[in-house]
>>> print(open('final36.cif').read())   # mmCIF, C-alpha atoms
data_work
#
loop_
_atom_site.group_PDB
_atom_site.id
_atom_site.type_symbol
_atom_site.label_atom_id
_atom_site.label_comp_id
_atom_site.auth_asym_id
_atom_site.auth_seq_id
_atom_site.Cartn_x
_atom_site.Cartn_y
_atom_site.Cartn_z
ATOM 1 C CA MET I 1189 97.109 81.221 76.297
ATOM 2 C CA THR I 1190 97.261 84.404 78.356
ATOM 3 C CA PHE I 1191 96.190 87.902 77.284
ATOM 4 C CA ALA I 1192 96.611 91.454 78.577
ATOM 5 C CA LEU I 1193 93.598 93.303 79.950
ATOM 6 C CA THR I 1194 94.065 96.582 78.074
ATOM 7 C CA ASP I 1195 91.777 99.613 78.421
ATOM 8 C CA SER I 1196 90.394 98.887 74.970
ATOM 9 C CA LEU I 1197 89.621 95.268 75.828
ATOM 10 C CA THR I 1198 88.054 96.306 79.142
ATOM 11 C CA ASP I 1199 85.705 98.681 77.299
ATOM 12 C CA GLN I 1200 84.755 95.886 74.876
ATOM 13 C CA ILE I 1201 84.027 93.520 77.771
ATOM 14 C CA LEU I 1202 81.880 96.120 79.549
ATOM 15 C CA PHE I 1203 79.839 96.666 76.395
ATOM 16 C CA CYS I 1204 79.339 92.917 75.937
ATOM 17 C CA MET I 1205 78.388 92.384 79.590
ATOM 18 C CA GLU I 1206 75.377 94.677 79.191
ATOM 19 C CA ASN I 1207 74.289 93.114 75.918
ATOM 20 C CA GLN I 1208 71.784 90.482 76.966
ATOM 21 C CA GLU I 1209 70.983 89.450 73.380
ATOM 22 C CA SER I 1210 74.185 87.538 72.592
ATOM 23 C CA VAL I 1211 76.923 85.462 74.225
ATOM 24 C CA TYR I 1212 80.479 86.825 74.150
ATOM 25 C CA ALA I 1213 83.975 85.688 75.048
ATOM 26 C CA VAL I 1214 87.561 86.946 74.829
ATOM 27 C CA ASP I 1215 89.769 85.607 72.047
ATOM 28 C CA ALA I 1216 93.201 85.473 73.721
ATOM 29 C CA ALA I 1217 95.068 85.231 70.418
ATOM 30 C CA GLU I 1218 93.374 88.342 68.998
ATOM 31 C CA GLY I 1219 93.053 90.225 72.280
ATOM 32 C CA LYS I 1220 89.434 91.159 71.621
ATOM 33 C CA THR I 1221 85.879 90.031 72.334
ATOM 34 C CA VAL I 1222 84.054 87.706 69.955
ATOM 35 C CA GLU I 1223 80.470 86.519 69.747
ATOM 36 C CA ILE I 1224 79.948 82.843 70.523
ATOM 37 C CA GLN I 1225 77.720 81.305 67.869
ATOM 38 C CA ASN I 1226 75.194 78.517 68.415
ATOM 39 C CA ASP I 1227 75.775 78.428 72.166
ATOM 40 C CA ALA I 1228 79.251 76.920 71.647
ATOM 41 C CA GLU I 1229 81.238 76.781 74.861
ATOM 42 C CA ALA I 1230 84.458 78.696 75.377
ATOM 43 C CA ASP I 1231 87.478 76.364 75.481
ATOM 44 C CA GLU I 1232 89.086 78.243 78.419
ATOM 45 C CA GLU I 1233 92.507 77.979 76.746
ATOM 46 C CA ASN I 1234 92.233 80.373 73.840
ATOM 47 C CA ILE I 1235 88.613 81.550 74.219
ATOM 48 C CA TYR I 1236 87.579 82.799 77.672
ATOM 49 C CA SER I 1237 83.992 83.471 78.733
ATOM 50 C CA ILE I 1238 83.535 87.085 79.828
ATOM 51 C CA PRO I 1239 82.260 87.884 83.356
ATOM 52 C CA SER I 1240 78.558 87.164 83.762
ATOM 53 C CA TRP I 1241 76.265 90.171 84.188
ATOM 54 C CA THR I 1242 72.510 89.781 84.638
ATOM 55 C CA SER I 1243 69.590 92.142 85.172
ATOM 56 C CA ASP I 1244 69.788 91.224 88.863
ATOM 57 C CA ASP I 1245 73.384 92.469 88.915
ATOM 58 C CA GLY I 1246 72.231 95.698 87.276
ATOM 59 C CA PHE I 1247 69.484 96.144 89.869
ATOM 60 C CA GLU I 1248 71.919 95.578 92.747
ATOM 61 C CA LEU I 1249 74.268 98.159 91.240
ATOM 62 C CA MET I 1250 71.486 100.758 91.024
ATOM 63 C CA GLU I 1251 70.424 99.946 94.576
ATOM 64 C CA ALA I 1252 74.001 100.359 95.863
ATOM 65 C CA PHE I 1253 74.287 103.722 94.097
ATOM 66 C CA ALA I 1254 70.999 105.008 95.519
ATOM 67 C CA ASN I 1255 72.029 103.954 99.030
ATOM 68 C CA SER I 1256 75.388 105.732 98.655
ATOM 69 C CA LEU I 1257 73.867 109.068 97.635
ATOM 70 C CA HIS I 1258 73.835 112.046 99.994
ATOM 71 C CA HIS I 1259 71.489 113.994 97.713
ATOM 72 C CA PRO I 1260 68.130 113.737 99.585
ATOM 73 C CA MET I 1261 65.718 114.427 96.713
ATOM 74 C CA ALA I 1262 67.428 112.277 94.082
ATOM 75 C CA LYS I 1263 67.992 109.476 96.609
ATOM 76 C CA ASN I 1264 64.317 109.342 97.608
ATOM 77 C CA GLU I 1265 63.113 109.342 94.000
ATOM 78 C CA LEU I 1266 65.550 106.612 92.961
ATOM 79 C CA LYS I 1267 64.636 104.419 95.940
ATOM 80 C CA THR I 1268 60.939 104.855 95.089
ATOM 81 C CA VAL I 1269 61.653 103.652 91.552
ATOM 82 C CA LEU I 1270 63.599 100.644 92.829
ATOM 83 C CA ALA I 1271 60.813 99.724 95.242
ATOM 84 C CA SER I 1272 58.161 99.833 92.503
ATOM 85 C CA ARG I 1273 59.611 96.800 90.687
ATOM 86 C CA ARG I 1274 58.004 98.049 87.443
ATOM 87 C CA GLY I 1275 59.843 99.765 84.603
ATOM 88 C CA ILE I 1276 62.811 100.075 86.921
ATOM 89 C CA PHE I 1277 65.640 100.563 84.420
ATOM 90 C CA LYS I 1278 63.763 103.102 82.303
ATOM 91 C CA ASN I 1279 62.408 105.057 85.271
ATOM 92 C CA PHE I 1280 65.798 105.031 86.985
ATOM 93 C CA LYS I 1281 67.297 106.719 83.919
ATOM 94 C CA ASN I 1282 64.425 109.218 83.781
ATOM 95 C CA VAL I 1283 65.022 110.296 87.385
ATOM 96 C CA LEU I 1284 68.739 110.754 86.724
ATOM 97 C CA LYS I 1285 68.010 113.015 83.753
ATOM 98 C CA ALA I 1286 66.339 115.463 86.157
ATOM 99 C CA TYR I 1287 69.595 115.679 88.149
ATOM 100 C CA PRO I 1288 72.426 116.047 85.598
ATOM 101 C CA GLU I 1289 75.240 116.118 88.157
ATOM 102 C CA VAL I 1290 73.893 113.040 89.950
ATOM 103 C CA GLU I 1291 73.639 111.351 86.543
ATOM 104 C CA LYS I 1292 77.340 112.024 85.950
ATOM 105 C CA LYS I 1293 78.107 110.592 89.362
ATOM 106 C CA TRP I 1294 76.066 107.483 88.450
ATOM 107 C CA PHE I 1295 78.115 106.914 85.296
ATOM 108 C CA LEU I 1296 81.338 107.241 87.301
ATOM 109 C CA PHE I 1297 80.000 104.847 89.955
ATOM 110 C CA LYS I 1298 78.731 102.326 87.408
ATOM 111 C CA ASN I 1299 81.943 102.396 85.378
ATOM 112 C CA LYS I 1300 84.092 101.941 88.485
ATOM 113 C CA GLU I 1301 82.047 99.057 89.887
ATOM 114 C CA MET I 1302 81.816 97.199 86.584
ATOM 115 C CA LYS I 1303 85.525 97.647 85.929
ATOM 116 C CA SER I 1304 86.164 96.269 89.414
ATOM 117 C CA HIS I 1305 84.007 93.259 88.474
ATOM 118 C CA VAL I 1306 86.089 92.715 85.328
ATOM 119 C CA ALA I 1307 89.347 93.154 87.256
ATOM 120 C CA ALA I 1308 88.294 90.497 89.779
ATOM 121 C CA TRP I 1309 87.495 88.103 86.901
ATOM 122 C CA TYR I 1310 90.866 88.800 85.266
ATOM 123 C CA ASN I 1311 92.714 88.383 88.579
ATOM 124 C CA ASP I 1312 91.223 84.906 88.921
ATOM 125 C CA LEU I 1313 92.667 84.113 85.493
ATOM 126 C CA CYS I 1314 96.029 85.565 86.531
ATOM 127 C CA VAL I 1315 96.088 83.239 89.549
ATOM 128 C CA SER I 1316 95.461 80.257 87.253
ATOM 129 C CA TRP I 1317 98.260 81.479 84.952
ATOM 130 C CA GLY I 1318 100.666 82.093 87.836
ATOM 131 C CA LEU I 1319 100.859 85.820 87.023
ATOM 132 C CA GLU I 1320 100.771 88.933 89.220
ATOM 133 C CA GLN I 1321 97.305 90.335 89.854
ATOM 134 C CA LEU I 1322 96.023 93.780 88.858
ATOM 135 C CA GLU I 1323 95.856 96.677 91.308
ATOM 136 C CA GLN I 1324 92.443 97.932 92.427
ATOM 137 C CA VAL I 1325 90.722 100.738 90.511
ATOM 138 C CA SER I 1326 90.448 104.270 91.942
ATOM 139 C CA SER I 1327 88.201 105.063 94.933
ATOM 140 C CA ASP I 1328 84.807 106.787 94.948
ATOM 141 C CA SER I 1329 86.252 109.859 96.685
ATOM 142 C CA GLU I 1330 88.759 110.356 93.864
ATOM 143 C CA ASP I 1331 85.969 110.087 91.302
ATOM 144 C CA THR I 1332 83.876 112.635 93.198
ATOM 145 C CA ASP I 1333 86.812 115.048 93.467
ATOM 146 C CA GLU I 1334 87.324 114.799 89.723
ATOM 147 C CA LEU I 1335 83.625 115.496 89.143
ATOM 148 C CA VAL I 1336 83.735 118.605 91.343
ATOM 149 C CA GLU I 1337 86.886 119.955 89.730
ATOM 150 C CA ASP I 1338 85.647 119.458 86.168
ATOM 151 C CA ASP I 1339 82.036 120.578 86.444
ATOM 152 C CA PHE I 1340 82.030 123.479 88.899
ATOM 153 C CA GLU I 1341 83.867 126.744 89.362
ATOM 154 C CA PHE I 1342 85.093 127.911 92.778
ATOM 155 C CA SER I 1343 86.111 131.518 93.378
ATOM 156 C CA GLU I 1344 86.702 133.879 96.286
ATOM 157 C CA TYR I 1345 83.598 135.665 97.513
ATOM 158 C CA ASP I 1346 83.042 139.177 96.115
ATOM 159 C CA SER I 1347 80.177 140.994 97.877
ATOM 160 C CA LEU I 1348 79.453 143.170 94.831
ATOM 161 C CA LYS I 1349 79.384 140.248 92.422
ATOM 162 C CA ASP I 1350 78.036 137.490 94.679
ATOM 163 C CA GLY I 1351 76.073 139.248 97.435
ATOM 164 C CA GLU I 1352 72.718 139.218 95.658
ATOM 165 C CA SER I 1353 73.079 135.547 94.664
ATOM 166 C CA VAL I 1354 73.941 134.555 98.231
ATOM 167 C CA GLU I 1355 70.954 136.442 99.637
ATOM 168 C CA ARG I 1356 68.572 134.870 97.099
ATOM 169 C CA ALA I 1357 69.853 131.356 97.863
ATOM 170 C CA ARG I 1358 69.686 132.127 101.588
ATOM 171 C CA ARG I 1359 65.978 132.944 101.261
ATOM 172 C CA PHE I 1360 65.347 129.570 99.616
ATOM 173 C CA PHE I 1361 67.281 127.876 102.411
ATOM 174 C CA ARG I 1362 65.139 129.647 105.030
ATOM 175 C CA GLU I 1363 61.987 128.424 103.267
ATOM 176 C CA GLU I 1364 63.435 124.925 103.270
ATOM 177 C CA LEU I 1365 63.955 125.106 107.038
ATOM 178 C CA ILE I 1366 60.382 126.299 107.566
ATOM 179 C CA GLU I 1367 59.042 123.339 105.562
ATOM 180 C CA GLN I 1368 61.385 120.867 107.226
ATOM 181 C CA TYR I 1369 60.245 121.446 110.820
ATOM 182 C CA PHE I 1370 56.745 121.357 112.298
ATOM 183 C CA ALA I 1371 54.619 124.477 112.738
ATOM 184 C CA GLU I 1372 56.361 127.304 114.594
ATOM 185 C CA ALA I 1373 59.562 125.282 114.963
ATOM 186 C CA GLY I 1374 60.328 125.896 111.295
ATOM 187 C CA SER I 1375 59.985 129.654 111.662
ATOM 188 C CA SER I 1376 62.172 129.578 114.757
ATOM 189 C CA ALA I 1377 64.849 127.549 112.955
ATOM 190 C CA ALA I 1378 64.811 130.019 110.069
ATOM 191 C CA PHE I 1379 65.098 132.928 112.541
ATOM 192 C CA LEU I 1380 68.157 131.392 114.213
ATOM 193 C CA HIS I 1381 69.776 130.794 110.828
ATOM 194 C CA GLU I 1382 69.073 134.399 109.810
ATOM 195 C CA ASN I 1383 70.691 135.718 112.994
ATOM 196 C CA LEU I 1384 73.837 133.769 112.240
ATOM 197 C CA SER I 1385 73.967 135.085 108.687
ATOM 198 C CA THR I 1386 73.497 138.707 109.775
ATOM 199 C CA PHE I 1387 76.337 138.405 112.288
ATOM 200 C CA ALA I 1388 78.283 140.583 109.838
ATOM 201 C CA LYS I 1389 77.566 142.828 106.869
ATOM 202 C CA GLU I 1390 77.956 141.287 103.411
ATOM 203 C CA ASP I 1391 81.052 143.342 102.594
ATOM 204 C CA GLU I 1392 82.707 142.219 105.851
ATOM 205 C CA LYS I 1393 82.539 138.536 104.891
ATOM 206 C CA SER I 1394 85.116 136.443 103.050
ATOM 207 C CA GLY I 1395 85.228 132.908 101.746
ATOM 208 C CA PHE I 1396 84.355 131.002 98.590
ATOM 209 C CA VAL I 1397 81.371 130.555 96.305
ATOM 210 C CA CYS I 1398 80.609 127.806 93.801
ATOM 211 C CA ARG I 1399 78.976 128.318 90.434
ATOM 212 C CA SER I 1400 78.138 126.017 87.557
ATOM 213 C CA ILE I 1401 79.900 126.331 84.220
ATOM 214 C CA SER I 1402 76.886 128.414 83.113
ATOM 215 C CA SER I 1403 77.449 130.749 86.123
ATOM 216 C CA ASP I 1404 74.459 129.603 88.207
ATOM 217 C CA PHE I 1405 75.068 130.082 91.945
ATOM 218 C CA LEU I 1406 75.305 126.698 93.724
ATOM 219 C CA GLY I 1407 76.639 127.368 97.202
ATOM 220 C CA CYS I 1408 79.001 129.255 99.493
ATOM 221 C CA ALA I 1409 81.202 129.055 102.566
ATOM 222 C CA LEU I 1410 81.526 132.506 104.184
ATOM 223 C CA VAL I 1411 83.126 133.687 107.403
ATOM 224 C CA SER I 1412 83.498 136.924 109.352
ATOM 225 C CA ARG I 1413 86.136 137.993 111.845
ATOM 226 C CA SER I 1414 85.115 137.864 115.493
ATOM 227 C CA PRO I 1415 84.730 141.174 117.406
ATOM 228 C CA GLU I 1416 87.793 142.690 119.082
ATOM 229 C CA PRO I 1417 90.036 141.680 120.732
ATOM 230 C CA ALA I 1418 89.901 138.288 118.917
ATOM 231 C CA LYS I 1419 92.061 139.098 115.896
ATOM 232 C CA LYS I 1420 92.859 135.552 114.751
ATOM 233 C CA THR I 1421 89.390 134.021 115.010
ATOM 234 C CA VAL I 1422 86.594 133.838 112.431
ATOM 235 C CA VAL I 1423 83.020 132.600 112.606
ATOM 236 C CA PHE I 1424 81.125 130.887 109.798
ATOM 237 C CA THR I 1425 78.098 132.988 108.830
ATOM 238 C CA ASP I 1426 76.915 131.158 105.687
ATOM 239 C CA PHE I 1427 77.612 127.605 104.607
ATOM 240 C CA PHE I 1428 75.141 125.860 102.310
ATOM 241 C CA VAL I 1429 74.685 124.240 98.902
ATOM 242 C CA VAL I 1430 71.467 124.643 96.916
ATOM 243 C CA GLN I 1431 69.179 121.653 97.291
ATOM 244 C CA ASN I 1432 69.509 120.010 93.872
ATOM 245 C CA TYR I 1433 73.322 119.959 94.033
ATOM 246 C CA ARG I 1434 73.950 118.424 97.440
ATOM 247 C CA GLY I 1435 75.863 115.182 97.848
ATOM 248 C CA LEU I 1436 78.296 115.943 95.004
ATOM 249 C CA GLY I 1437 81.271 117.083 97.072
ATOM 250 C CA ILE I 1438 80.631 120.818 96.573
ATOM 251 C CA GLY I 1439 80.355 121.578 100.297
ATOM 252 C CA LYS I 1440 83.583 119.724 101.025
ATOM 253 C CA LYS I 1441 85.450 121.625 98.331
ATOM 254 C CA LEU I 1442 84.061 124.978 99.507
ATOM 255 C CA LEU I 1443 85.158 124.250 103.074
ATOM 256 C CA GLU I 1444 88.560 123.022 101.953
ATOM 257 C CA ASN I 1445 89.229 126.170 99.887
ATOM 258 C CA CYS I 1446 87.964 128.463 102.641
ATOM 259 C CA LEU I 1447 90.112 126.912 105.386
ATOM 260 C CA SER I 1448 93.175 126.946 103.129
ATOM 261 C CA ILE I 1449 93.023 130.682 102.487
ATOM 262 C CA LEU I 1450 92.205 131.447 106.146
ATOM 263 C CA LYS I 1451 95.364 129.632 107.214
ATOM 264 C CA GLN I 1452 97.395 131.608 104.662
ATOM 265 C CA ARG I 1453 96.018 134.832 106.173
ATOM 266 C CA GLY I 1454 97.154 133.927 109.677
ATOM 267 C CA ILE I 1455 93.779 132.887 111.117
ATOM 268 C CA GLN I 1456 94.111 130.352 113.931
ATOM 269 C CA PHE I 1457 90.603 129.557 115.200
ATOM 270 C CA VAL I 1458 87.542 128.843 113.050
ATOM 271 C CA ILE I 1459 84.174 128.570 114.818
ATOM 272 C CA PHE I 1460 81.000 127.003 113.488
ATOM 273 C CA SER I 1461 78.271 127.891 115.976
ATOM 274 C CA ASN I 1462 75.204 126.940 113.953
ATOM 275 C CA SER I 1463 73.069 124.663 116.130
ATOM 276 C CA ILE I 1464 70.742 123.821 113.212
ATOM 277 C CA MET I 1465 72.892 121.307 111.423
ATOM 278 C CA PRO I 1466 72.200 117.990 109.635
ATOM 279 C CA GLU I 1467 74.243 114.925 110.587
ATOM 280 C CA SER I 1468 75.975 114.960 107.194
ATOM 281 C CA MET I 1469 77.394 118.422 107.942
ATOM 282 C CA GLU I 1470 78.618 117.324 111.372
ATOM 283 C CA SER I 1471 80.445 114.425 109.727
ATOM 284 C CA LEU I 1472 82.019 116.807 107.208
ATOM 285 C CA LEU I 1473 83.281 119.201 109.879
ATOM 286 C CA ILE I 1474 84.796 116.386 111.922
ATOM 287 C CA GLN I 1475 86.765 115.246 108.856
ATOM 288 C CA PHE I 1476 88.780 118.500 108.724
ATOM 289 C CA PRO I 1477 88.953 118.079 111.822
ATOM 290 C CA PHE I 1478 86.710 120.431 113.791
ATOM 291 C CA GLU I 1479 86.227 119.585 117.472
ATOM 292 C CA LYS I 1480 82.678 119.486 118.803
ATOM 293 C CA LYS I 1481 82.106 121.845 121.727
ATOM 294 C CA ASP I 1482 79.087 123.006 123.723
ATOM 295 C CA PHE I 1483 78.659 126.057 121.481
ATOM 296 C CA GLY I 1484 79.220 124.249 118.172
ATOM 297 C CA PHE I 1485 82.454 123.270 116.414
ATOM 298 C CA ILE I 1486 85.927 124.792 116.517
ATOM 299 C CA LEU I 1487 89.069 124.199 114.440
ATOM 300 C CA ASP I 1488 92.631 125.232 115.361
ATOM 301 C CA LEU I 1489 94.366 125.782 112.014
ATOM 302 C CA LEU I 1490 97.794 125.890 113.661
ATOM 303 C CA LYS I 1491 97.344 122.570 115.424
ATOM 304 C CA GLU I 1492 99.122 119.736 113.647
#
>>> encode(input="final36.cif", output="structure tokens")
Amino acid sequence: MTFALTDSLTDQILFCMENQESVYAVDAAEGKTVEIQNDAEADEENIYSIPSWTSDDGFELMEAFANSLHHPMAKNELKTVLASRRGIFKNFKNVLKAYPEVEKKWFLFKNKEMKSHVAAWYNDLCVSWGLEQLEQVSSDSEDTDELVEDDFEFSEYDSLKDGESVERARRFFREELIEQYFAEAGSSAAFLHENLSTFAKEDEKSGFVCRSISSDFLGCALVSRSPEPAKKTVVFTDFFVVQNYRGLGIGKKLLENCLSILKQRGIQFVIFSNSIMPESMESLLIQFPFEKKDFGFILDLLKE
């Protein structure tokens, strides 16, 4: 007997997969999960064993999530927990609680991967029944976009409203650069970053800022017009996300919004001349697609 893999049944199966205390199966006639008593075997005609899920599977899932993260602090702490091999599941959850947005991303990741596991199991059954297989579940990038849209607010930069917040976050970023590099190199890196930011006055900049639902400043993407006679060219002066919120797609959304409005305003060339740039930012710019030049990166908004 066949059965349909409904959303409700999928949720039941996911719950049963993580319950290591009992044995469960799907009752095809009822279209729901049932507990198998006394270690009785499923008959594979009306009662189908649910996909297996062990603690090893759970560990591999956590490991895959940690490896996929672009959030440096959370990633390091999670990998330390996984390497300890003691109290892993509890400590993994404790680390996530310190990074609420990463925790939400974990739940999205976990739900997607486990649903994919269930879909693969069901597709095997469909093959045995001679039925069409299910389509794949949504991608990670779609999940991340949904997270960004739902949990953060993006608005055009207002120097009167946002200037102080940007300057405060910029000071923290400078301190981060000083700590990141050795000795005087850190101070020099911070100096170069400051020069880029002071390329223009705060009220001469435009772009986007990101805030949390509670109005905490989380990041910005700001540009300034180039000196005359370059009337259709802008230079990025500030582009950063506060440390605890990196790797969540905020930077990508800020850049996307900023470039969109620049194109609407007739800007053709966008220059990113910051030489102090992590590899992750280079990868992001190339996606849009900026071209790498000797002086940094440049994007022609009118080029198809």
>>> residues_around(input="final36.cif", residues="I:Leu1202", least_positions_apart="3", cutoff="8 Å", atoms="only C-alpha atoms", output="number ranges by chain")
I: 1198-1199, 1205-1206, 1302-1303, 1306
>>> resolve_selection(input="final36.cif", expression="the PyMOL selection byres ((chain I and resi 1189) around 9)", output="list in words")
Thr1190, Phe1191, Ala1216, Ala1217, Glu1232, Glu1233, Asn1234, Ile1235 and Trp1317 of chain I
>>> atom_distance(input="final36.cif", atom1="atom CA of I:Leu1313", atom2="atom CA of I:Ala1192")
10.8 Å
>>> resolve_selection(input="final36.cif", expression="the PyMOL selection byres ((chain I and resi 1414) around 10)", output="PyMOL selection string")
chain I and resi 1387-1388+1411-1413+1415-1424+1457-1459
>>> write_last_selection(input="final36.cif", atoms="C-alpha atoms", output="PDB file, in the coordinates of the input")
ATOM      1  CA  PHE I1387      76.337 138.405 112.288  1.00  0.00           C
ATOM      2  CA  ALA I1388      78.283 140.583 109.838  1.00  0.00           C
ATOM      3  CA  VAL I1411      83.126 133.687 107.403  1.00  0.00           C
ATOM      4  CA  SER I1412      83.498 136.924 109.352  1.00  0.00           C
ATOM      5  CA  ARG I1413      86.136 137.993 111.845  1.00  0.00           C
ATOM      6  CA  PRO I1415      84.730 141.174 117.406  1.00  0.00           C
ATOM      7  CA  GLU I1416      87.793 142.690 119.082  1.00  0.00           C
ATOM      8  CA  PRO I1417      90.036 141.680 120.732  1.00  0.00           C
ATOM      9  CA  ALA I1418      89.901 138.288 118.917  1.00  0.00           C
ATOM     10  CA  LYS I1419      92.061 139.098 115.896  1.00  0.00           C
ATOM     11  CA  LYS I1420      92.859 135.552 114.751  1.00  0.00           C
ATOM     12  CA  THR I1421      89.390 134.021 115.010  1.00  0.00           C
ATOM     13  CA  VAL I1422      86.594 133.838 112.431  1.00  0.00           C
ATOM     14  CA  VAL I1423      83.020 132.600 112.606  1.00  0.00           C
ATOM     15  CA  PHE I1424      81.125 130.887 109.798  1.00  0.00           C
ATOM     16  CA  PHE I1457      90.603 129.557 115.200  1.00  0.00           C
ATOM     17  CA  VAL I1458      87.542 128.843 113.050  1.00  0.00           C
ATOM     18  CA  ILE I1459      84.174 128.570 114.818  1.00  0.00           C
TER      19      ILE I1459
END
>>> residues_near_point(input="final36.cif", point="(70.4, 117.8, 98.3)", cutoff="10 Å", atoms="all atoms listed in the file", output="PyMOL selection string")
chain I and resi 1257-1263+1429-1436
>>> atom_distance(input="final36.cif", atom1="atom CA of I:Phe1280", atom2="atom CA of I:Phe1203")
19.5 Å
>>> atom_distance(input="final36.cif", atom1="atom CA of I:Cys1446", atom2="atom CA of I:Arg1362")
23.0 Å
>>> closest_residue(input="final36.cif", among="I:Ile1455, I:His1305, I:Lys1393, I:Leu1447", to="I:Phe1478", atoms="only C-alpha atoms")
I:Leu1447
>>> residues_near_point(input="final36.cif", point="(76.7, 127.6, 104.9)", cutoff="12 Å", atoms="all atoms listed in the file", output="compact mmCIF listing (two decimals) with C-alpha atoms, in the frame of the given file")
# COMPACT_ATOMS: atom_id res chain seq x y z
CA VAL I 1354 73.94 134.56 98.23
CA GLU I 1355 70.95 136.44 99.64
CA ALA I 1357 69.85 131.36 97.86
CA ARG I 1358 69.69 132.13 101.59
CA PHE I 1361 67.28 127.88 102.41
CA ARG I 1362 65.14 129.65 105.03
CA HIS I 1381 69.78 130.79 110.83
CA GLU I 1382 69.07 134.40 109.81
CA LEU I 1384 73.84 133.77 112.24
CA SER I 1385 73.97 135.08 108.69
CA GLY I 1395 85.23 132.91 101.75
CA PHE I 1396 84.36 131.00 98.59
CA VAL I 1397 81.37 130.56 96.30
CA CYS I 1398 80.61 127.81 93.80
CA LEU I 1406 75.31 126.70 93.72
CA GLY I 1407 76.64 127.37 97.20
CA CYS I 1408 79.00 129.26 99.49
CA ALA I 1409 81.20 129.06 102.57
CA LEU I 1410 81.53 132.51 104.18
CA VAL I 1411 83.13 133.69 107.40
CA VAL I 1423 83.02 132.60 112.61
CA PHE I 1424 81.12 130.89 109.80
CA THR I 1425 78.10 132.99 108.83
CA ASP I 1426 76.92 131.16 105.69
CA PHE I 1427 77.61 127.60 104.61
CA PHE I 1428 75.14 125.86 102.31
CA VAL I 1429 74.68 124.24 98.90
CA VAL I 1430 71.47 124.64 96.92
CA ILE I 1438 80.63 120.82 96.57
CA GLY I 1439 80.36 121.58 100.30
CA LYS I 1440 83.58 119.72 101.02
CA LEU I 1442 84.06 124.98 99.51
CA LEU I 1443 85.16 124.25 103.07
CA CYS I 1446 87.96 128.46 102.64
CA PHE I 1460 81.00 127.00 113.49
CA SER I 1461 78.27 127.89 115.98
CA ASN I 1462 75.20 126.94 113.95
CA ILE I 1464 70.74 123.82 113.21
CA MET I 1465 72.89 121.31 111.42
CA PRO I 1466 72.20 117.99 109.64
CA MET I 1469 77.39 118.42 107.94
CA LEU I 1473 83.28 119.20 109.88
>>> resolve_selection(input="final36.cif", expression="the PyMOL selection byres ((chain I and resi 1251) around 12)", output="ChimeraX atom specification")
/I:1244-1250,1252-1257,1263-1271,1273,1276-1277,1280,1294,1297-1298
>>> write_last_selection(input="final36.cif", atoms="C-alpha atoms", output="CSV table (one decimal), in the frame of the given file")
chain,number,residue,atom,x,y,z
I,1244,ASP,CA,69.8,91.2,88.9
I,1245,ASP,CA,73.4,92.5,88.9
I,1246,GLY,CA,72.2,95.7,87.3
I,1247,PHE,CA,69.5,96.1,89.9
I,1248,GLU,CA,71.9,95.6,92.7
I,1249,LEU,CA,74.3,98.2,91.2
I,1250,MET,CA,71.5,100.8,91.0
I,1252,ALA,CA,74.0,100.4,95.9
I,1253,PHE,CA,74.3,103.7,94.1
I,1254,ALA,CA,71.0,105.0,95.5
I,1255,ASN,CA,72.0,104.0,99.0
I,1256,SER,CA,75.4,105.7,98.7
I,1257,LEU,CA,73.9,109.1,97.6
I,1263,LYS,CA,68.0,109.5,96.6
I,1264,ASN,CA,64.3,109.3,97.6
I,1265,GLU,CA,63.1,109.3,94.0
I,1266,LEU,CA,65.6,106.6,93.0
I,1267,LYS,CA,64.6,104.4,95.9
I,1268,THR,CA,60.9,104.9,95.1
I,1269,VAL,CA,61.7,103.7,91.6
I,1270,LEU,CA,63.6,100.6,92.8
I,1271,ALA,CA,60.8,99.7,95.2
I,1273,ARG,CA,59.6,96.8,90.7
I,1276,ILE,CA,62.8,100.1,86.9
I,1277,PHE,CA,65.6,100.6,84.4
I,1280,PHE,CA,65.8,105.0,87.0
I,1294,TRP,CA,76.1,107.5,88.4
I,1297,PHE,CA,80.0,104.8,90.0
I,1298,LYS,CA,78.7,102.3,87.4
>>> closest_residue(input="final36.cif", among="I:Asn1383, I:Glu1364, I:Tyr1287, I:Lys1491", to="I:Glu1479", atoms="only C-alpha atoms")
I:Lys1491
